[in-house]
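Text of the file target_37.txt, holding compact mmCIF, C-alpha atoms:
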# COMPACT_ATOMS: atom_id res chain seq x y z
CA MET A 1 154.64 102.45 -70.76
CA ARG A 2 154.03 99.63 -68.41
CA ARG A 3 151.39 99.77 -65.81
CA ARG A 4 152.62 99.24 -62.36
CA LYS A 5 150.90 96.41 -60.64
CA ARG A 6 149.50 97.45 -57.34
CA ARG A 7 149.66 94.68 -54.84
CA ARG A 8 148.76 95.55 -51.34
CA LEU A 9 149.86 93.23 -48.62
CA ILE A 10 147.27 92.29 -46.03
CA GLN A 11 148.48 93.54 -42.70
CA GLU A 12 146.52 91.19 -40.44
CA ILE A 13 145.49 87.55 -40.16
CA PRO A 14 141.89 87.18 -41.33
CA GLN A 15 139.72 86.42 -38.35
CA ALA A 16 136.31 86.32 -39.93
CA SER A 17 136.05 82.54 -39.77
CA LEU A 18 137.27 82.27 -36.17
CA PRO A 19 133.79 82.16 -34.56
CA ASP A 20 132.73 79.50 -37.05
CA MET A 21 135.70 77.32 -36.16
CA ALA A 22 135.15 77.85 -32.46
CA PHE A 23 131.47 76.93 -32.75
CA LEU A 24 132.28 73.83 -34.77
CA LEU A 25 134.69 72.65 -32.08
CA LEU A 26 132.13 73.56 -29.44
CA ILE A 27 129.43 71.48 -31.13
CA PHE A 28 131.83 68.55 -31.33
CA PHE A 29 132.64 68.72 -27.63
CA ILE A 30 129.01 69.20 -26.59
CA SER A 31 128.01 66.08 -28.51
CA ALA A 32 130.98 64.00 -27.30
CA THR A 33 130.84 65.04 -23.65
CA VAL A 34 129.61 62.71 -20.95
CA PHE A 35 129.36 64.43 -17.62
CA GLY A 36 130.66 62.44 -14.71
CA VAL A 37 127.49 61.29 -13.01
CA GLU A 38 126.97 57.66 -12.10
CA HIS A 39 124.30 56.35 -9.80
CA GLY A 40 124.52 53.17 -7.84
CA LEU A 41 123.82 51.33 -4.63
CA PRO A 42 127.12 51.16 -2.76
CA LEU A 43 128.24 48.09 -0.85
CA VAL A 44 131.44 47.50 1.06
CA LEU A 45 132.66 43.97 0.57
CA PRO A 46 134.38 42.14 3.39
CA SER A 47 138.07 41.60 2.84
CA ALA A 48 139.72 38.38 3.94
CA LYS A 49 142.81 40.31 5.08
CA ARG A 50 141.20 43.33 6.69
CA SER A 51 137.92 42.01 8.10
CA PRO A 52 138.13 39.41 10.83
CA ARG A 53 135.32 36.87 11.12
CA ILE A 54 132.77 37.88 13.72
CA SER A 55 130.01 35.87 15.25
CA VAL A 56 126.67 37.52 15.89
CA GLU A 57 123.67 36.57 17.96
CA PRO A 58 120.54 35.55 16.04
CA THR A 59 118.70 38.39 17.77
CA GLU A 60 121.06 40.89 16.13
CA VAL A 61 120.16 39.72 12.64
CA PHE A 62 117.36 40.74 10.31
CA ARG A 63 117.12 37.98 7.72
CA ILE A 64 115.65 38.56 4.27
CA GLN A 65 115.27 35.75 1.77
CA ALA A 66 114.62 36.18 -1.95
CA ARG A 67 113.29 33.03 -3.60
CA ALA A 68 113.68 31.96 -7.21
CA ASP A 69 109.97 32.59 -7.89
CA GLY A 70 110.30 36.20 -6.74
CA THR A 71 108.73 35.81 -3.30
CA VAL A 72 110.48 37.63 -0.50
CA MET A 73 110.54 36.57 3.11
CA ALA A 74 111.57 38.76 5.99
CA GLU A 75 111.85 37.28 9.45
CA ASP A 76 110.36 33.99 8.21
CA ARG A 77 107.17 35.45 6.74
CA VAL A 78 106.27 36.39 3.20
CA VAL A 79 106.35 40.13 2.63
CA GLN A 80 106.14 42.61 -0.22
CA VAL A 81 109.49 44.22 -1.12
CA ALA A 82 108.02 47.65 -0.34
CA GLU A 83 107.28 46.55 3.25
CA ILE A 84 110.92 45.86 4.11
CA GLU A 85 111.79 49.49 4.84
CA THR A 86 108.97 49.87 7.39
CA LEU A 87 109.71 46.52 9.06
CA LEU A 88 113.40 47.21 9.34
CA ARG A 89 112.91 50.75 10.59
CA ALA A 90 110.52 49.52 13.29
CA ARG A 91 112.91 46.77 14.41
CA ASN A 92 115.87 49.14 14.51
CA ALA A 93 113.87 51.79 16.39
CA THR A 94 112.96 49.23 19.07
CA ARG A 95 116.59 48.21 19.43
CA LEU A 96 117.82 51.80 19.59
CA ALA A 97 115.22 52.57 22.27
CA ARG A 98 116.76 49.74 24.30
CA GLN A 99 120.21 51.16 23.55
CA GLN A 100 121.15 48.14 21.47
CA SER A 101 123.22 48.24 18.29
CA GLU A 102 121.73 48.42 14.80
CA LEU A 103 120.61 45.14 13.25
CA ILE A 104 122.79 43.31 10.76
CA VAL A 105 120.75 42.63 7.65
CA ILE A 106 121.51 39.34 5.95
CA VAL A 107 120.09 39.09 2.45
CA GLU A 108 119.93 35.54 1.13
CA ILE A 109 119.22 35.33 -2.57
CA HIS A 110 118.44 32.22 -4.55
CA PRO A 111 120.85 31.75 -7.49
CA ASP A 112 117.91 31.70 -9.91
CA ALA A 113 116.33 34.87 -8.53
CA ALA A 114 116.45 37.96 -10.74
CA TYR A 115 119.17 40.50 -10.00
CA GLU A 116 116.47 43.19 -10.01
CA LEU A 117 114.98 41.61 -6.90
CA MET A 118 118.30 41.91 -5.07
CA VAL A 119 118.59 45.58 -6.05
CA SER A 120 115.02 46.30 -4.89
CA ILE A 121 115.77 44.71 -1.51
CA LEU A 122 119.04 46.64 -1.14
CA ASP A 123 117.17 49.82 -2.08
CA GLN A 124 114.68 49.19 0.74
CA ILE A 125 117.49 48.48 3.20
CA ARG A 126 119.20 51.76 2.29
CA ALA A 127 115.88 53.58 2.63
CA ALA A 128 115.56 52.17 6.15
CA GLY A 129 118.99 53.60 6.95
CA SER A 130 120.70 50.26 7.59
CA ARG A 131 124.33 50.12 6.60
CA ARG A 132 125.33 46.73 8.01
CA VAL A 133 124.39 44.42 5.16
CA ALA A 134 125.63 41.00 4.16
CA LEU A 135 124.81 39.21 0.90
CA ARG A 136 124.56 35.47 0.81
CA SER A 137 123.40 32.86 -1.62
CA LEU A 138 120.33 30.90 -0.65
CA GLU A 139 121.04 27.17 -0.87
CA GLU A 140 119.46 25.50 -3.90
CA MET B 1 124.80 120.78 -33.28
CA ARG B 2 121.82 122.85 -34.13
CA ARG B 3 120.04 122.20 -37.37
CA GLY B 4 116.69 123.55 -38.32
CA GLY B 5 116.20 124.91 -34.83
CA ARG B 6 116.23 121.46 -33.13
CA PHE B 7 118.98 119.52 -31.37
CA ARG B 8 119.75 116.17 -32.89
CA SER B 9 120.21 113.32 -30.54
CA SER B 10 123.82 112.20 -30.36
CA ILE B 11 122.82 108.59 -29.65
CA ARG B 12 122.70 106.57 -32.83
CA ALA B 13 120.93 103.26 -32.88
CA LEU B 14 123.06 100.39 -34.16
CA ASP B 15 121.61 98.70 -37.19
CA HIS B 16 123.37 95.39 -36.59
CA ILE B 17 123.95 92.92 -33.79
CA PRO B 18 127.55 93.24 -32.59
CA THR B 19 129.31 89.96 -33.27
CA GLU B 20 132.86 90.91 -32.35
CA SER B 21 132.69 89.09 -29.03
CA MET B 22 131.14 85.97 -30.53
CA ALA B 23 134.51 84.26 -30.93
CA ASP B 24 135.40 85.00 -27.30
CA ILE B 25 132.12 83.54 -26.08
CA ALA B 26 132.56 80.46 -28.24
CA PHE B 27 136.11 79.92 -27.01
CA LEU B 28 135.07 80.36 -23.39
CA LEU B 29 132.38 77.71 -23.81
CA LEU B 30 134.88 75.53 -25.62
CA ILE B 31 137.38 75.77 -22.77
CA PHE B 32 134.60 74.87 -20.32
CA TYR B 33 133.71 71.74 -22.30
CA LEU B 34 137.35 70.81 -22.81
CA THR B 35 138.07 70.94 -19.10
CA SER B 36 134.89 69.20 -17.92
CA ALA B 37 134.55 66.60 -20.66
CA ILE B 38 135.18 62.92 -20.23
CA LEU B 39 135.32 61.41 -23.66
CA ARG B 40 133.70 58.03 -24.07
CA SER B 41 136.37 55.43 -23.53
CA GLU B 42 134.19 52.39 -22.95
CA THR B 43 130.98 51.30 -24.60
CA GLY B 44 130.17 48.26 -22.52
CA LEU B 45 127.29 45.88 -23.04
CA VAL B 46 123.71 46.77 -23.71
CA VAL B 47 122.08 46.17 -20.36
CA ASP B 48 118.70 47.10 -18.96
CA LEU B 49 119.72 48.42 -15.57
CA PRO B 50 117.45 47.99 -12.56
CA ARG B 51 115.81 51.03 -11.02
CA ALA B 52 116.38 52.22 -7.46
CA ARG B 53 115.39 55.22 -5.39
CA ASN B 54 118.11 55.46 -2.76
CA THR B 55 121.13 55.65 -5.01
CA LEU B 56 124.35 57.51 -4.44
CA ARG B 57 126.26 59.51 -7.01
CA GLN B 58 129.63 57.95 -7.59
CA PRO B 59 132.78 59.83 -8.62
CA ARG B 60 133.27 58.75 -12.22
CA GLU B 61 137.04 59.13 -12.22
CA GLN B 62 137.39 56.39 -9.56
CA ILE B 63 135.16 53.83 -11.22
CA ALA B 64 136.05 50.63 -13.01
CA HIS B 65 133.16 48.99 -14.82
CA ILE B 66 132.09 45.39 -15.14
CA TRP B 67 129.17 44.61 -17.41
CA ILE B 68 127.05 41.49 -17.09
CA ASP B 69 124.29 40.95 -19.60
CA LYS B 70 121.09 38.97 -19.12
CA ASP B 71 122.75 35.76 -20.32
CA GLY B 72 125.53 36.15 -17.77
CA ARG B 73 128.32 37.18 -20.14
CA ALA B 74 130.82 39.47 -18.47
CA MET B 75 132.71 42.34 -20.07
CA ILE B 76 135.58 44.53 -18.85
CA ASN B 77 137.29 47.20 -20.96
CA ASP B 78 135.01 46.36 -23.90
CA LEU B 79 136.27 42.75 -23.96
CA TYR B 80 134.30 39.65 -23.07
CA VAL B 81 136.00 37.91 -20.16
CA GLU B 82 135.54 34.64 -18.31
CA TYR B 83 134.65 35.03 -14.65
CA GLU B 84 138.02 33.57 -13.66
CA GLU B 85 139.74 36.46 -15.46
CA VAL B 86 137.87 39.15 -13.53
CA ALA B 87 139.95 38.95 -10.34
CA PRO B 88 143.41 39.38 -11.98
CA ILE B 89 142.19 42.29 -14.14
CA LEU B 90 140.67 44.06 -11.17
CA ALA B 91 143.63 43.33 -8.93
CA ALA B 92 145.87 45.10 -11.45
CA LYS B 93 143.52 48.08 -11.53
CA LEU B 94 143.39 48.16 -7.73
CA ARG B 95 147.18 48.22 -7.50
CA GLU B 96 147.11 51.42 -9.58
CA ASN B 97 144.28 52.94 -7.56
CA PRO B 98 143.48 51.38 -4.15
CA ASP B 99 140.40 53.62 -3.79
CA LEU B 100 138.85 52.19 -6.92
CA ILE B 101 135.10 51.63 -6.90
CA VAL B 102 133.98 48.69 -8.99
CA ALA B 103 130.66 49.47 -10.64
CA VAL B 104 128.76 46.35 -11.58
CA ASN B 105 126.43 47.09 -14.49
CA THR B 106 124.16 44.10 -14.53
CA ASP B 107 120.99 43.59 -16.51
CA ARG B 108 117.96 43.52 -14.24
CA ARG B 109 116.89 40.13 -15.68
CA THR B 110 120.23 38.44 -14.96
CA ARG B 111 120.09 35.52 -12.56
CA TYR B 112 121.73 36.13 -9.23
CA ARG B 113 124.11 33.16 -9.77
CA TYR B 114 126.15 35.28 -12.24
CA MET B 115 126.21 38.18 -9.84
CA GLN B 116 127.36 35.83 -7.11
CA ARG B 117 130.24 34.61 -9.29
CA ALA B 118 131.23 38.19 -10.05
CA LEU B 119 131.13 39.08 -6.35
CA GLU B 120 133.34 36.12 -5.52
CA GLU B 121 135.87 37.35 -8.06
CA LEU B 122 135.69 40.86 -6.59
CA LYS B 123 136.44 39.44 -3.16
CA LYS B 124 139.41 37.50 -4.58
CA ALA B 125 140.75 40.74 -6.04
CA GLU B 126 140.38 42.36 -2.59
CA THR B 127 137.84 44.84 -3.92
CA VAL B 128 136.24 46.70 -1.06
CA ARG B 129 134.09 49.34 -2.66
CA VAL B 130 131.40 48.04 -4.97
CA SER B 131 128.53 49.91 -6.56
CA PHE B 132 125.53 48.25 -8.18
CA THR B 133 124.76 50.61 -11.02
CA THR B 134 121.12 51.56 -11.22
CA VAL B 135 118.86 54.00 -12.95
CA PRO B 136 117.68 56.47 -10.33
CA ILE B 137 113.95 56.81 -9.78
CA PRO B 138 113.13 60.48 -9.20
CA SER B 139 111.83 60.80 -5.64
CA GLY B 140 108.52 62.51 -4.94
CA PRO B 141 106.22 64.47 -7.24

What would the structure in this file look like if it were written as structure tokens?
Amino acid sequence: MRRRKRRRLIQEIPQASLPDMAFLLLIFFISATVFGVEHGLPLVLPSAKRSPRISVEPTEVFRIQARADGTVMAEDRVVQVAEIETLLRARNATRLARQQSELIVIVEIHPDAAYELMVSILDQIRAAGSRRVALRSLEE
Amino acid sequence: MRRGGRFRSSIRALDHIPTESMADIAFLLLIFYLTSAILRSETGLVVDLPRARNTLRQPREQIAHIWIDKDGRAMINDLYVEYEEVAPILAAKLRENPDLIVAVNTDRRTRYRYMQRALEELKKAETVRVSFTTVPIPSGP
């Protein structure tokens, strides 16, 4: 007499390892994800086609110069970078009180000056609320 | 049911943490990460970015990166490029997306002369929107 082999078919797909797989994928994506946040100081560059050349009066200009040795001059006097915001705010407030337009800030940077200095100056200009900024190289 | 003169509580405490919904939770989180993830496509150069307080958050999907290290070497799309090559590369990118923001990732110790050369190339490529990438300084205590 032969014994009948009992083989029972499994009726469903085994799901016991599903959470493990899902968590493994999850860990991979968490570690590989870079969320879309970038910080920067924005600047709109003039375009030769779109922006016509304009001439401005010297009284409409706030001139900042960054020297190679790190000294900064605003309106022809040596200043600390942190002072620029206050100076610019005061000048703009005076002009607005007289119903004049906002000053155009011209930043002249020496080619040997550190890039960090330029960023610090632009940071101060943004803090003062000025949006009309021009970058220029200071003659060597 | 009455047994021994006292009613037995019909509420039975579970002796295990239910894990049936674990897979659902994991998949939900997975879908969230899949939809919000931007996988690293560019490594760039190792640069020590300058710090600034008044930065703006830039939409990452509209950004093209240029990297300039402290020695003035420029990199785009993980390839070192000469400054003369910057304008054609960016012009091609701008044709695909005219609203492109060019993020300049420059080392804080880099001399301005390299930045100036990069800016000249950006102007040649008719780039309008530029962002100087910085590390934000948290404002106030």

- Query: Counting all atoms listed in the file, which of B:Ile66, B:Leu90, B:Ile76, B:Ala118 gets nearest to Thr133 (chain B)?
  - Reply: B:Ile66

Could you produce a table of the residues of chain B lying within 6 Å of chain A, with the nearest pair of atoms per residue and their separation in Å rounded to one decimal, using all atoms listed in the file, ordered by chain and increasing residue number, as a Markdown table?
| residue | atom | partner | partner_atom | distance |
| --- | --- | --- | --- | --- |
| B:Ala23 | CA | A:Pro19 | CA | 4.3 |
| B:Ala26 | CA | A:Ala22 | CA | 5.6 |
| B:Phe27 | CA | A:Ala22 | CA | 5.9 |
| B:Leu30 | CA | A:Leu26 | CA | 5.1 |
| B:Ala37 | CA | A:Thr33 | CA | 5.0 |
| B:Ile38 | CA | A:Val34 | CA | 5.6 |
| B:Leu39 | CA | A:Thr33 | CA | 5.8 |
| B:Pro50 | CA | A:Glu116 | CA | 5.5 |
| B:Ala52 | CA | A:Asp123 | CA | 5.9 |
| B:Asn54 | CA | A:Asp123 | CA | 5.8 |
| B:Thr55 | CA | A:Gly40 | CA | 5.1 |
| B:Leu56 | CA | A:His39 | CA | 5.5 |
| B:Arg57 | CA | A:His39 | CA | 4.6 |
| B:Gln58 | CA | A:Glu38 | CA | 5.2 |
| B:Arg60 | CA | A:Gly36 | CA | 5.2 |
| B:Arg108 | CA | A:Glu116 | CA | 4.5 |
| B:Arg109 | CA | A:Ala114 | CA | 5.4 |
| B:Thr110 | CA | A:Tyr115 | CA | 5.5 |
| B:Arg111 | CA | A:Ala114 | CA | 4.7 |
| B:Tyr112 | CA | A:Pro111 | CA | 4.8 |
| B:Arg113 | CA | A:Pro111 | CA | 4.2 |
| B:Glu126 | CA | A:Ser47 | CA | 5.9 |
| B:Val128 | CA | A:Leu45 | CA | 4.8 |
| B:Arg129 | CA | A:Val44 | CA | 4.9 |
| B:Val130 | CA | A:Leu43 | CA | 5.2 |
| B:Ser131 | CA | A:Pro42 | CA | 4.2 |
| B:Phe132 | CA | A:Leu41 | CA | 5.0 |
| B:Thr133 | CA | A:Gly40 | CA | 4.1 |
| B:Thr134 | CA | A:Gly40 | CA | 5.1 |

- Task: Pick out the closest residue to Gln116 (chain B) from this set: A:Gln65, A:Thr71, A:Glu85, A:Leu138. Count only C-alpha atoms.
- Result: A:Leu138

- Kindly give the distance, in Å, that separates CA of Ile104 (chain A) and CA of Asp99 (chain B), rounded to a single decimal. 25.1 Å

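Reported to one decimal place, the separation of CA of Ala64 (chain B) from CA of Leu100 (chain B) is 6.9 Å.
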
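Note that CA of Asn77 (chain B) and CA of Glu96 (chain B) are 15.6 Å apart.
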
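Take the candidates A:Glu102, A:Glu12, A:Glu60, A:Asp76 and check each one against Ser130 (chain A) using only C-alpha atoms; the shortest distance goes to A:Glu102.
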